[in-house]
>>> print(open('protein.txt').read())   # compact mmCIF, C-alpha atoms
# COMPACT_ATOMS: atom_id res chain seq x y z
CA MET A 286 48.28 13.60 -13.22
CA THR A 287 46.85 10.45 -14.80
CA GLU A 288 44.33 10.44 -17.65
CA LEU A 289 41.70 9.24 -15.19
CA GLU A 290 42.43 12.11 -12.80
CA GLU A 291 42.37 14.61 -15.66
CA ARG A 292 38.98 13.36 -16.77
CA ALA A 293 37.70 13.50 -13.20
CA ASP A 294 38.88 17.09 -12.89
CA GLY A 295 37.20 18.06 -16.14
CA GLN A 296 40.44 18.83 -17.96
CA ALA A 297 40.56 15.96 -20.45
CA ASP A 298 36.89 16.24 -21.42
CA PRO A 299 35.72 19.84 -21.01
CA ASP A 300 32.36 19.10 -22.59
CA GLY A 301 31.71 16.04 -20.41
CA THR A 302 32.48 13.56 -23.20
CA ASP A 303 35.50 11.62 -24.44
CA THR A 304 36.75 10.45 -27.79
CA ALA A 305 35.80 6.76 -27.42
CA GLY A 306 32.12 7.13 -27.92
CA GLY A 307 31.73 9.88 -25.33
CA MET A 308 29.02 9.50 -22.74
CA ARG A 309 26.56 8.10 -25.25
CA ARG A 310 27.08 4.43 -24.43
CA PRO A 311 27.05 4.97 -20.64
CA ARG A 312 23.89 7.08 -20.96
CA ILE A 313 22.14 4.42 -23.01
CA ALA A 314 23.23 1.73 -20.56
CA ALA A 315 22.05 3.83 -17.61
CA ALA A 316 18.68 4.46 -19.26
CA ILE A 317 18.20 0.73 -19.89
CA ALA A 318 19.21 -0.13 -16.33
CA ALA A 319 16.80 2.47 -14.93
CA ALA A 320 13.96 1.15 -17.10
CA VAL A 321 14.63 -2.44 -15.98
CA LEU A 322 14.82 -1.52 -12.30
CA PHE A 323 11.67 0.63 -12.37
CA ALA A 324 9.82 -2.06 -14.33
CA ALA A 325 10.86 -4.60 -11.69
CA VAL A 326 9.61 -2.30 -8.93
CA GLY A 327 6.31 -1.82 -10.76
CA VAL A 328 5.77 -5.55 -11.28
CA ILE A 329 6.62 -6.32 -7.64
CA LEU A 330 4.24 -3.64 -6.39
CA VAL A 331 1.40 -4.79 -8.62
CA VAL A 332 1.87 -8.42 -7.59
CA THR A 333 2.56 -8.02 -3.87
CA THR A 334 0.36 -5.06 -2.87
CA PRO A 335 -2.73 -6.25 -0.95
CA TRP A 336 -5.26 -4.47 -3.13
CA HIS A 337 -8.10 -6.26 -1.34
CA PRO A 338 -7.04 -6.83 2.30
CA ILE A 339 -10.34 -8.55 3.05
CA PRO A 340 -12.62 -10.46 0.63
CA GLU A 341 -14.59 -8.15 -1.62
CA HIS A 342 -17.92 -9.87 -0.99
CA VAL A 343 -19.60 -8.51 2.12
CA PRO A 344 -22.92 -10.01 3.23
CA GLY A 345 -25.51 -7.26 3.08
CA GLY A 346 -23.13 -5.04 1.12
CA PRO A 347 -20.06 -3.07 2.23
CA VAL A 348 -20.43 -0.46 4.95
CA ALA A 349 -19.98 3.13 3.79
CA ALA A 350 -17.30 5.24 5.47
CA ASP A 351 -19.27 7.90 7.33
CA PRO A 352 -17.71 10.03 10.11
CA ALA A 353 -21.16 10.93 11.41
CA LEU A 354 -21.75 7.32 12.50
CA ASP A 355 -19.00 7.33 15.10
CA PHE A 356 -17.97 10.93 15.73
CA THR A 357 -20.03 13.65 17.34
CA PRO A 358 -20.60 16.94 15.52
CA ALA A 359 -18.17 18.57 17.97
CA GLU A 360 -15.47 16.01 17.19
CA ILE A 361 -15.96 16.43 13.45
CA ALA A 362 -15.89 20.23 13.77
CA ARG A 363 -12.69 20.07 15.82
CA SER A 364 -11.05 17.82 13.21
CA ARG A 365 -12.00 20.23 10.43
CA ALA A 366 -10.77 23.24 12.38
CA PHE A 367 -7.46 21.55 13.17
CA ASP A 368 -6.99 20.56 9.54
CA SER A 369 -7.77 24.11 8.41
CA ALA A 370 -5.16 25.45 10.83
CA LEU A 371 -2.46 22.90 9.99
CA THR A 372 -2.88 22.72 6.22
CA PRO A 373 -1.62 26.24 5.29
CA PRO A 374 1.86 25.85 6.87
CA ALA A 375 2.13 22.31 5.47
CA TYR A 376 1.39 23.42 1.91
CA ALA A 377 3.51 26.56 2.28
CA ARG A 378 6.47 24.52 3.52
CA LEU A 379 6.07 22.08 0.64
CA VAL A 380 5.79 24.75 -2.06
CA ILE A 381 8.53 27.01 -0.70
CA GLY A 382 10.86 24.08 -0.10
CA LEU A 383 10.39 22.68 -3.59
CA ALA A 384 10.74 26.11 -5.19
CA LEU A 385 13.95 26.81 -3.29
CA VAL A 386 15.56 23.47 -4.05
CA VAL A 387 14.68 23.82 -7.75
CA VAL A 388 16.15 27.33 -7.87
CA LEU A 389 19.30 26.18 -6.09
CA GLY A 390 19.69 23.11 -8.29
CA PHE A 391 18.61 24.23 -11.74
CA THR A 392 20.04 27.76 -11.76
CA PRO A 393 23.56 29.02 -11.02
CA LEU A 394 22.52 30.11 -7.50
CA GLY A 395 23.28 26.75 -5.87
CA SER A 396 26.68 26.28 -7.49
CA ARG A 397 27.64 29.85 -6.62
CA LEU A 398 26.60 29.33 -3.01
CA ILE A 399 28.71 26.18 -2.83
CA GLY A 400 31.62 27.92 -4.53
CA TRP A 401 31.46 30.78 -2.04
CA ALA A 402 31.16 28.50 0.99
CA THR A 403 34.02 26.22 -0.05
CA ALA A 404 36.28 28.78 -1.75
CA ARG A 405 39.14 28.24 0.71
CA VAL A 406 38.75 24.47 0.89
CA ARG A 407 41.08 22.60 -1.44
CA ARG A 408 40.52 18.90 -0.66
CA TRP A 409 37.53 17.54 -2.57
CA PRO A 410 36.08 15.44 0.31
CA LEU A 411 35.84 18.55 2.49
CA ARG A 412 34.28 20.51 -0.37
CA VAL A 413 31.64 17.81 -0.84
CA ILE A 414 30.88 17.75 2.88
CA GLY A 415 30.76 21.55 2.92
CA ALA A 416 28.32 21.57 0.01
CA ALA A 417 26.09 19.05 1.79
CA LEU A 418 26.12 21.02 5.06
CA VAL A 419 25.44 24.38 3.42
CA LEU A 420 22.58 23.24 1.20
CA THR A 421 20.77 21.13 3.79
CA THR A 422 21.11 23.92 6.35
CA VAL A 423 19.73 26.54 3.95
CA LEU A 424 16.76 24.33 3.11
CA ARG A 425 16.11 23.60 6.79
CA LEU A 426 16.27 27.29 7.71
CA ALA A 427 13.88 28.13 4.87
CA GLY A 428 11.38 25.63 6.23
CA LEU A 429 11.85 26.66 9.87
CA PRO A 430 9.20 29.44 9.92
CA PHE A 431 6.58 27.00 8.63
CA ALA A 432 7.71 24.34 11.09
CA ILE A 433 7.30 26.90 13.90
CA TRP A 434 3.86 27.77 12.51
CA SER A 435 2.85 24.08 12.55
CA GLU A 436 4.26 23.60 16.04
CA SER A 437 2.22 26.59 17.23
CA VAL A 438 -0.93 24.92 15.90
CA LEU A 439 -0.05 21.68 17.68
CA ARG A 440 0.43 23.59 20.91
CA ARG A 441 -2.84 25.44 20.51
CA TYR A 442 -4.69 22.14 20.16
CA GLY A 443 -2.82 20.47 23.02
CA LEU A 444 -0.91 17.92 20.92
CA SER A 445 2.58 19.24 21.65
CA THR A 446 3.98 19.20 25.18
CA GLN A 447 7.50 20.43 24.38
CA SER A 448 8.96 23.74 25.41
CA TRP A 449 10.40 25.82 22.58
CA PRO A 450 14.01 25.12 23.65
CA GLU A 451 13.29 21.38 23.64
CA TRP A 452 11.68 21.65 20.23
CA LEU A 453 14.69 23.51 18.87
CA VAL A 454 17.00 20.81 20.25
CA ASP A 455 14.98 18.19 18.34
CA GLN A 456 15.27 20.29 15.20
CA ALA A 457 19.03 20.47 15.68
CA LYS A 458 19.23 16.70 16.21
CA SER A 459 17.23 16.11 13.05
CA LEU A 460 19.52 18.43 11.10
CA GLY A 461 22.54 16.59 12.49
CA VAL A 462 21.18 13.25 11.32
CA THR A 463 20.52 14.80 7.90
CA TRP A 464 24.10 16.09 7.76
CA ALA A 465 25.51 12.68 8.60
CA ILE A 466 23.43 10.76 6.05
CA TRP A 467 24.00 13.21 3.20
CA SER A 468 27.72 13.57 3.92
CA ILE A 469 28.32 9.82 3.90
CA ALA A 470 26.20 9.25 0.79
CA LEU A 471 27.76 12.12 -1.17
CA LEU A 472 31.33 11.21 -0.21
CA LEU A 473 30.81 7.70 -1.55
CA LEU A 474 29.08 9.01 -4.66
CA TYR A 475 31.74 11.59 -5.53
CA TRP A 476 34.52 9.08 -4.94
CA LEU A 477 32.85 6.91 -7.58
CA LEU A 478 32.44 9.91 -9.89
CA ARG A 479 36.16 10.61 -9.65
CA ARG A 480 37.27 6.99 -9.87
CA PHE A 481 34.88 5.78 -12.60
CA PRO A 482 33.71 8.87 -14.56
CA ARG A 483 31.82 6.88 -17.20
CA TYR A 484 30.27 4.04 -15.24
CA TRP A 485 30.14 5.50 -11.74
CA TRP A 486 26.39 4.92 -11.67
CA THR A 487 26.77 1.12 -11.61
CA GLY A 488 28.66 1.22 -8.33
CA ALA A 489 26.49 4.06 -7.05
CA ALA A 490 23.29 2.11 -7.75
CA ALA A 491 24.65 -0.92 -5.90
CA GLY A 492 25.91 1.29 -3.07
CA ALA A 493 22.57 3.11 -2.80
CA PHE A 494 20.75 -0.20 -2.63
CA ALA A 495 23.03 -1.35 0.21
CA LEU A 496 22.87 2.02 2.01
CA VAL A 497 19.06 2.07 2.07
CA ILE A 498 19.01 -1.40 3.61
CA ALA A 499 21.75 -0.53 6.10
CA VAL A 500 19.95 2.63 7.25
CA SER A 501 16.73 0.65 7.73
CA PHE A 502 18.53 -1.83 9.99
CA ILE A 503 20.59 0.77 11.85
CA TYR A 504 17.82 3.35 12.36
CA PRO A 505 16.05 1.62 15.31
CA ILE A 506 19.34 1.12 17.14
CA VAL A 507 21.18 4.35 16.36
CA VAL A 508 18.68 7.06 15.38
CA GLU A 509 15.57 6.32 17.47
CA PRO A 510 17.46 6.69 20.79
CA VAL A 511 18.58 10.16 19.67
CA PHE A 512 14.99 11.40 19.91
CA ASN A 513 13.43 9.15 22.56
CA LYS A 514 14.39 7.27 25.68
CA PHE A 515 13.16 3.71 26.01
CA HIS A 516 12.67 1.38 28.93
CA SER A 517 11.22 -2.10 29.20
CA LEU A 518 7.55 -2.29 30.11
CA PRO A 519 7.50 -3.48 33.74
CA ALA A 520 6.38 -7.01 34.42
CA GLY A 521 2.61 -7.19 34.67
CA GLN A 522 -0.53 -8.36 32.94
CA LEU A 523 -0.18 -6.03 29.93
CA ARG A 524 3.40 -7.08 29.20
CA THR A 525 2.48 -10.74 29.60
CA ASP A 526 -0.54 -10.40 27.31
CA LEU A 527 1.37 -8.54 24.59
CA LEU A 528 4.21 -11.06 24.52
CA ALA A 529 1.72 -13.95 24.57
CA MET A 530 -0.20 -12.42 21.66
CA ALA A 531 3.02 -12.06 19.67
CA GLU A 532 3.92 -15.68 20.40
CA ARG A 533 0.47 -16.91 19.32
CA ASP A 534 0.83 -14.84 16.18
CA GLY A 535 4.16 -16.43 15.37
CA VAL A 536 6.09 -13.15 15.57
CA PRO A 537 9.30 -13.43 17.65
CA VAL A 538 9.65 -10.35 19.86
CA GLU A 539 12.65 -9.63 22.05
CA ASP A 540 11.07 -7.07 24.39
CA VAL A 541 8.23 -4.64 24.99
CA LEU A 542 9.55 -1.09 25.28
CA VAL A 543 7.95 2.16 26.37
CA ALA A 544 8.97 5.37 24.57
CA ASP A 545 8.89 8.64 26.50
CA ALA A 546 6.71 10.27 23.84
CA SER A 547 4.80 12.32 26.41
CA ARG A 548 7.70 14.75 26.69
CA ARG A 549 6.83 16.04 23.22
CA THR A 550 3.24 14.98 22.40
CA THR A 551 -0.10 13.78 23.72
CA ALA A 552 -0.68 11.64 20.60
CA LEU A 553 -1.11 7.88 20.87
CA ASN A 554 0.93 5.35 18.92
CA ALA A 555 2.72 2.02 18.96
CA TYR A 556 4.95 0.18 16.52
CA VAL A 557 7.14 -2.87 16.09
CA SER A 558 10.77 -1.89 15.55
CA GLY A 559 13.85 -3.76 14.42
CA PHE A 560 14.53 -7.06 12.69
CA GLY A 561 15.25 -10.55 13.96
CA SER A 562 16.90 -10.46 17.38
CA THR A 563 16.41 -6.66 17.64
CA ARG A 564 12.63 -6.77 17.04
CA ARG A 565 10.66 -5.22 19.86
CA ILE A 566 7.19 -3.88 20.48
CA VAL A 567 7.31 -0.15 21.26
CA VAL A 568 4.36 1.68 22.83
CA TYR A 569 4.11 5.37 23.58
CA ASP A 570 3.82 6.09 27.28
CA THR A 571 0.75 8.16 26.38
CA LEU A 572 -0.95 4.95 25.27
CA LEU A 573 -0.57 3.13 28.59
CA LYS A 574 -3.61 4.89 30.07
CA SER A 575 -5.89 3.36 27.40
CA PRO A 576 -7.85 0.17 28.17
CA PRO A 577 -5.65 -2.94 27.75
CA LYS A 578 -7.85 -4.39 24.99
CA ARG A 579 -7.37 -1.26 22.89
CA ILE A 580 -3.62 -1.43 23.40
CA GLU A 581 -3.69 -5.06 22.29
CA SER A 582 -5.68 -4.09 19.19
CA ILE A 583 -3.08 -1.47 18.24
CA VAL A 584 -0.19 -3.86 18.86
CA ALA A 585 -1.95 -6.60 16.85
CA HIS A 586 -1.96 -4.20 13.90
CA GLU A 587 1.78 -3.67 14.30
CA LEU A 588 2.37 -7.41 14.60
CA GLY A 589 0.65 -7.71 11.23
CA HIS A 590 3.41 -5.56 9.73
CA ALA A 591 6.07 -7.67 11.42
CA LYS A 592 4.53 -10.99 10.38
CA ARG A 593 4.36 -9.89 6.75
CA ASN A 594 7.83 -8.31 6.97
CA ASP A 595 6.33 -5.12 5.62
CA VAL A 596 9.28 -2.98 6.70
CA LEU A 597 11.82 -5.31 5.11
CA HIS A 598 9.67 -5.68 1.98
CA GLY A 599 9.27 -1.91 1.71
CA THR A 600 12.98 -1.39 2.31
CA LEU A 601 13.96 -3.77 -0.49
CA ILE A 602 11.50 -2.18 -2.93
CA GLY A 603 12.67 1.27 -1.90
CA ALA A 604 16.27 0.21 -2.40
CA LEU A 605 15.47 -1.00 -5.92
CA GLY A 606 13.72 2.29 -6.65
CA VAL A 607 16.66 4.31 -5.34
CA ALA A 608 19.04 2.23 -7.47
CA GLY A 609 16.90 3.03 -10.52
CA ALA A 610 16.89 6.72 -9.58
CA VAL A 611 20.69 6.70 -9.40
CA CYS A 612 20.78 5.40 -12.98
CA LEU A 613 18.53 8.28 -14.01
CA LEU A 614 20.93 10.68 -12.30
CA GLN A 615 23.53 9.64 -14.87
CA LEU A 616 21.26 11.10 -17.57
CA LEU A 617 20.76 14.33 -15.65
CA LEU A 618 24.33 14.87 -14.54
CA THR A 619 25.69 14.26 -18.04
CA SER A 620 23.26 16.60 -19.77
CA PRO A 621 25.43 19.46 -21.13
CA ALA A 622 22.48 21.86 -21.31
CA LEU A 623 21.41 21.16 -17.75
CA ARG A 624 24.93 21.47 -16.41
CA ARG A 625 25.45 24.76 -18.22
CA ARG A 626 22.18 26.11 -16.87
CA ALA A 627 23.14 25.11 -13.32
CA GLN A 628 26.81 26.09 -13.79
CA ALA A 629 27.67 22.74 -12.18
CA GLY A 630 31.19 22.69 -13.58
CA GLN A 631 32.72 20.78 -16.46
CA SER A 632 33.51 17.69 -14.41
CA LEU A 633 30.87 15.31 -13.07
CA ALA A 634 32.89 15.21 -9.84
CA ASP A 635 32.82 18.98 -9.32
CA PRO A 636 31.30 19.54 -5.82
CA ARG A 637 29.30 22.43 -7.25
CA SER A 638 27.06 19.82 -8.86
CA VAL A 639 25.78 18.82 -5.40
CA ALA A 640 23.02 21.43 -5.73
CA LEU A 641 21.83 19.90 -9.02
CA LEU A 642 22.00 16.43 -7.50
CA LEU A 643 20.04 17.44 -4.40
CA ALA A 644 17.36 19.12 -6.51
CA ALA A 645 16.93 16.07 -8.74
CA ILE A 646 16.62 13.75 -5.74
CA THR A 647 14.15 16.03 -3.96
CA VAL A 648 11.90 16.37 -7.02
CA ALA A 649 12.02 12.62 -7.67
CA THR A 650 11.13 11.91 -4.04
CA GLN A 651 8.16 14.25 -4.20
CA VAL A 652 6.93 12.71 -7.46
CA GLY A 653 7.20 9.21 -5.98
CA GLY A 654 5.46 10.18 -2.74
CA PRO A 655 1.85 9.68 -3.93
CA VAL A 656 2.70 6.19 -5.22
CA GLN A 657 4.29 5.30 -1.90
CA ASN A 658 1.23 6.58 -0.05
CA LEU A 659 -1.12 4.57 -2.28
CA ILE A 660 0.79 1.35 -1.60
CA SER A 661 1.14 2.17 2.09
CA ARG A 662 -2.61 2.67 2.54
CA HIS A 663 -3.29 -0.84 1.27
CA ILE A 664 -0.56 -2.34 3.44
CA GLU A 665 -1.96 -0.54 6.49
CA ALA A 666 -5.43 -1.87 5.65
CA ARG A 667 -4.00 -5.40 5.55
CA ALA A 668 -2.46 -4.83 8.98
CA ASP A 669 -5.89 -3.72 10.21
CA ALA A 670 -7.38 -6.94 8.86
CA HIS A 671 -4.62 -8.87 10.63
CA ALA A 672 -5.45 -7.16 13.92
CA LEU A 673 -9.09 -8.15 13.50
CA ASP A 674 -8.10 -11.74 12.69
CA VAL A 675 -5.89 -11.95 15.78
CA THR A 676 -8.16 -10.26 18.32
CA ARG A 677 -11.54 -11.30 16.83
CA ASP A 678 -12.84 -8.13 18.44
CA PRO A 679 -14.13 -5.58 15.89
CA GLU A 680 -15.93 -3.58 18.59
CA THR A 681 -12.68 -2.84 20.42
CA PHE A 682 -11.03 -2.08 17.09
CA VAL A 683 -13.69 0.55 16.37
CA THR A 684 -13.42 2.17 19.81
CA MET A 685 -9.64 2.11 19.54
CA GLN A 686 -9.74 3.85 16.15
CA HIS A 687 -12.12 6.42 17.58
CA GLU A 688 -9.82 7.09 20.54
CA LEU A 689 -6.76 7.37 18.31
CA SER A 690 -8.51 9.76 15.97
CA VAL A 691 -9.89 12.00 18.71
CA ARG A 692 -6.63 12.12 20.66
CA ASN A 693 -4.48 12.66 17.55
CA ILE A 694 -7.12 14.93 15.93
CA SER A 695 -6.93 12.96 12.70
CA GLU A 696 -8.46 14.33 9.50
CA LEU A 697 -11.78 12.51 9.07
CA GLU A 698 -12.69 13.86 5.64
CA PRO A 699 -9.50 14.51 3.66
CA ASP A 700 -9.89 16.13 0.27
CA ALA A 701 -8.39 14.45 -2.79
CA LEU A 702 -5.12 16.40 -2.72
CA GLU A 703 -4.55 15.77 0.99
CA HIS A 704 -5.27 12.10 0.44
CA VAL A 705 -2.67 11.88 -2.31
CA LEU A 706 0.05 13.95 -0.67
CA TRP A 707 -0.16 13.12 3.02
CA PHE A 708 -2.18 9.99 3.76
CA SER A 709 -0.06 6.87 4.25
CA HIS A 710 -2.96 5.27 6.20
CA PRO A 711 -6.64 4.99 5.32
CA ALA A 712 -8.78 7.68 6.91
CA THR A 713 -10.31 6.59 10.22
CA PRO A 714 -13.90 6.27 8.88
CA GLU A 715 -12.55 3.92 6.17
CA ARG A 716 -10.80 1.78 8.78
CA ILE A 717 -13.92 1.60 10.92
CA ALA A 718 -16.05 0.70 7.89
CA MET A 719 -13.64 -2.14 7.07
CA ALA A 720 -13.97 -3.46 10.63
CA ARG A 721 -17.74 -3.64 10.19
CA ASP A 722 -17.25 -5.38 6.83
CA TRP A 723 -14.96 -7.88 8.57
CA ALA A 724 -17.60 -8.49 11.23
CA ARG A 725 -20.24 -9.25 8.58
CA GLN A 726 -17.90 -11.59 6.73
CA ASN A 727 -16.91 -13.46 9.90
CA HIS A 728 -20.40 -13.61 11.41
CA ALA A 729 -19.28 -11.56 14.39
CA PRO A 730 -21.43 -8.94 16.13
CA GLU A 731 -21.24 -5.79 14.05
CA PRO A 732 -20.09 -2.81 16.13
CA PRO A 733 -22.97 -0.36 16.41
CA PRO A 734 -22.36 3.30 15.54
CA LEU A 735 -20.70 4.99 18.49
CA THR A 736 -22.96 8.05 18.25
CA ARG A 737 -26.02 5.87 18.89
CA ARG A 738 -24.79 4.29 22.12
>>> encode(input="protein.txt", output="structure tokens")
Amino acid sequence: MTELEERADGQADPDGTDTAGGMRRPRIAAAIAAAVLFAAVGVILVVTTPWHPIPEHVPGGPVAADPALDFTPAEIARSRAFDSALTPPAYARLVIGLALVVVLGFTPLGSRLIGWATARVRRWPLRVIGAALVLTTVLRLAGLPFAIWSESVLRRYGLSTQSWPEWLVDQAKSLGVTWAIWSIALLLLYWLLRRFPRYWWTGAAAGAFALVIAVSFIYPIVVEPVFNKFHSLPAGQLRTDLLAMAERDGVPVEDVLVADASRRTTALNAYVSGFGSTRRIVVYDTLLKSPPKRIESIVAHELGHAKRNDVLHGTLIGALGVAGAVCLLQLLLTSPALRRRAQAGQSLADPRSVALLLAAITVATQVGGPVQNLISRHIEARADAHALDVTRDPETFVTMQHELSVRNISELEPDALEHVLWFSHPATPERIAMARDWARQNHAPEPPPLTRR
């Protein structure tokens, strides 16, 4: 066995260090790299985020976001009731999931579970894959009762159209995708840990950056078809108008596709998927019954994302953030106290450390979620402004937002915690208020309150 292999197996350096300066220099280098990457992400976000998607000055003053202007008391009451029914399983799933992953990762329970599950497996790649499968399955099963609870609420309010067997098949597909992603990522990571025990994080950070970008490009082609079937929108006025709008907007689009969303939901949605030659407009089949102008308003919003390359921009920033997080993992995985507490083994490449790794990533993702939501809300507001610029029709925008909110039973008055944790888009009353601000700024007829029509 070579010195490198001995170190990877935890035999040359039982305390996780070596005689040539130990892990001190790599840890310092990793900390500096993480600080630089996170600082770069912060600067980019501050500079590129559209903090004011429309000019701040509004003739006559900005319009206040008020659900009562456009939603009936019955619609508001239904939204509140739906939120009250859906919030408990959402919070329970979040709390229980976080608690379980922390217990598995930061106590001996996770390493013991992995050790038990892979006791008869000798080859390290199979042990890593086994660890990934066991942990992700346990976490998914723990969240399953709350997912069933949420699905029951969706059924009660008429949003879900799936049978329970179909829903379970989707859950299995989702778990399969999770298995594949985690297995590939962990195999690459643990190969680096074995091959370069001191500076594995440099290759891992570069690999994570590339993997995030690759997944973003591959997802529309490989993963989306796993959950939905797509067909081209038949030739007709709507298809012609959508393609013409994209051409006028300077957004190359290959096709207009229809997703068979109605087999699982009554919700309305549309999006622009893919990059370059794979870019296509996708509309839910549930949306096709809406008035054409409303469909165009929704698609114009999505074209705003495509024109600004929001998905690509977000992917690159996310990739930088993930690379920085990998550098931080070096500090966690080389902490003797933390490894002893988790019983993650003496070697960094011990598959039992997968539980600690998964816990660190999950906690970091949850901590970063509110920041992502904050940025996303401003980007979505810019896309709304783009839709208004393209269609020049704030009245249709308002009626479209109303229809989306009523059909999807959106939360009209989120509390502060909901806003931080869940809202990647502005609340509907905020979007409608911005449309009225846009109308005042552009000397267009201001949409009257829908409740007064």
>>> closest_residue(input="protein.txt", among="A:Val584, A:Ala552, A:Ala520, A:Val406", to="Ile566 in chain A", atoms="only C-alpha atoms")
A:Val584
>>> closest_residue(input="protein.txt", among="A:Val568, A:Leu641, A:Ile664, A:Ala499", to="Arg524 in chain A", atoms="all atoms listed in the file")
A:Val568
>>> closest_residue(input="protein.txt", among="A:Ala546, A:Met719, A:Thr421, A:Trp449", to="Ile433 in chain A", atoms="all atoms listed in the file")
A:Trp449
>>> residues_around(input="protein.txt", residues="Glu539 in chain A", least_positions_apart="6", cutoff="10 Å", atoms="all atoms listed in the file", output="PyMOL selection string")
chain A and resi 528+559-566
>>> closest_residue(input="protein.txt", among="A:Pro338, A:Ala314, A:Tyr556, A:Gly428", to="Ala384 in chain A", atoms="all atoms listed in the file")
A:Gly428
>>> atom_distance(input="protein.txt", atom1="CA of Arg662 in chain A", atom2="CA of Arg716 in chain A")
10.3 Å
>>> residues_around(input="protein.txt", residues="Ala318 in chain A", least_positions_apart="3", cutoff="12 Å", atoms="all atoms listed in the file", output="JSON, numbers by chain")
{"A": [311, 312, 313, 314, 315, 321, 322, 323, 324, 325, 484, 486, 487, 490, 491, 605, 606, 608, 609, 610, 611, 612, 613, 614, 615, 616]}
>>> closest_residue(input="protein.txt", among="A:Gly492, A:Pro519, A:Pro714, A:Pro679", to="Glu731 in chain A", atoms="only C-alpha atoms")
A:Pro679
>>> closest_residue(input="protein.txt", among="A:Val507, A:Ile317, A:Ala634, A:Leu601", to="Trp409 in chain A", atoms="only C-alpha atoms")
A:Ala634
>>> atom_distance(input="protein.txt", atom1="CA of Arg425 in chain A", atom2="CA of Ile646 in chain A")
15.9 Å
>>> atom_distance(input="protein.txt", atom1="CA of Asp674 in chain A", atom2="CA of Ser695 in chain A")
24.7 Å
>>> axis_aligned_box(input="protein.txt", around="range 406-417 of chain A", padding_each_side="4 Å", output="AutoDock Vina command-line options")
--center_x 33.6 --center_y 20.0 --center_z 0.2 --size_x 23.0 --size_y 17.0 --size_z 13.5
>>> residues_around(input="protein.txt", residues="Leu453 in chain A", least_positions_apart="4", cutoff="12 Å", atoms="all atoms listed in the file", output="VMD selection string")
chain A and resid 426 429 432 to 433 436 447 to 449 457 to 460 549
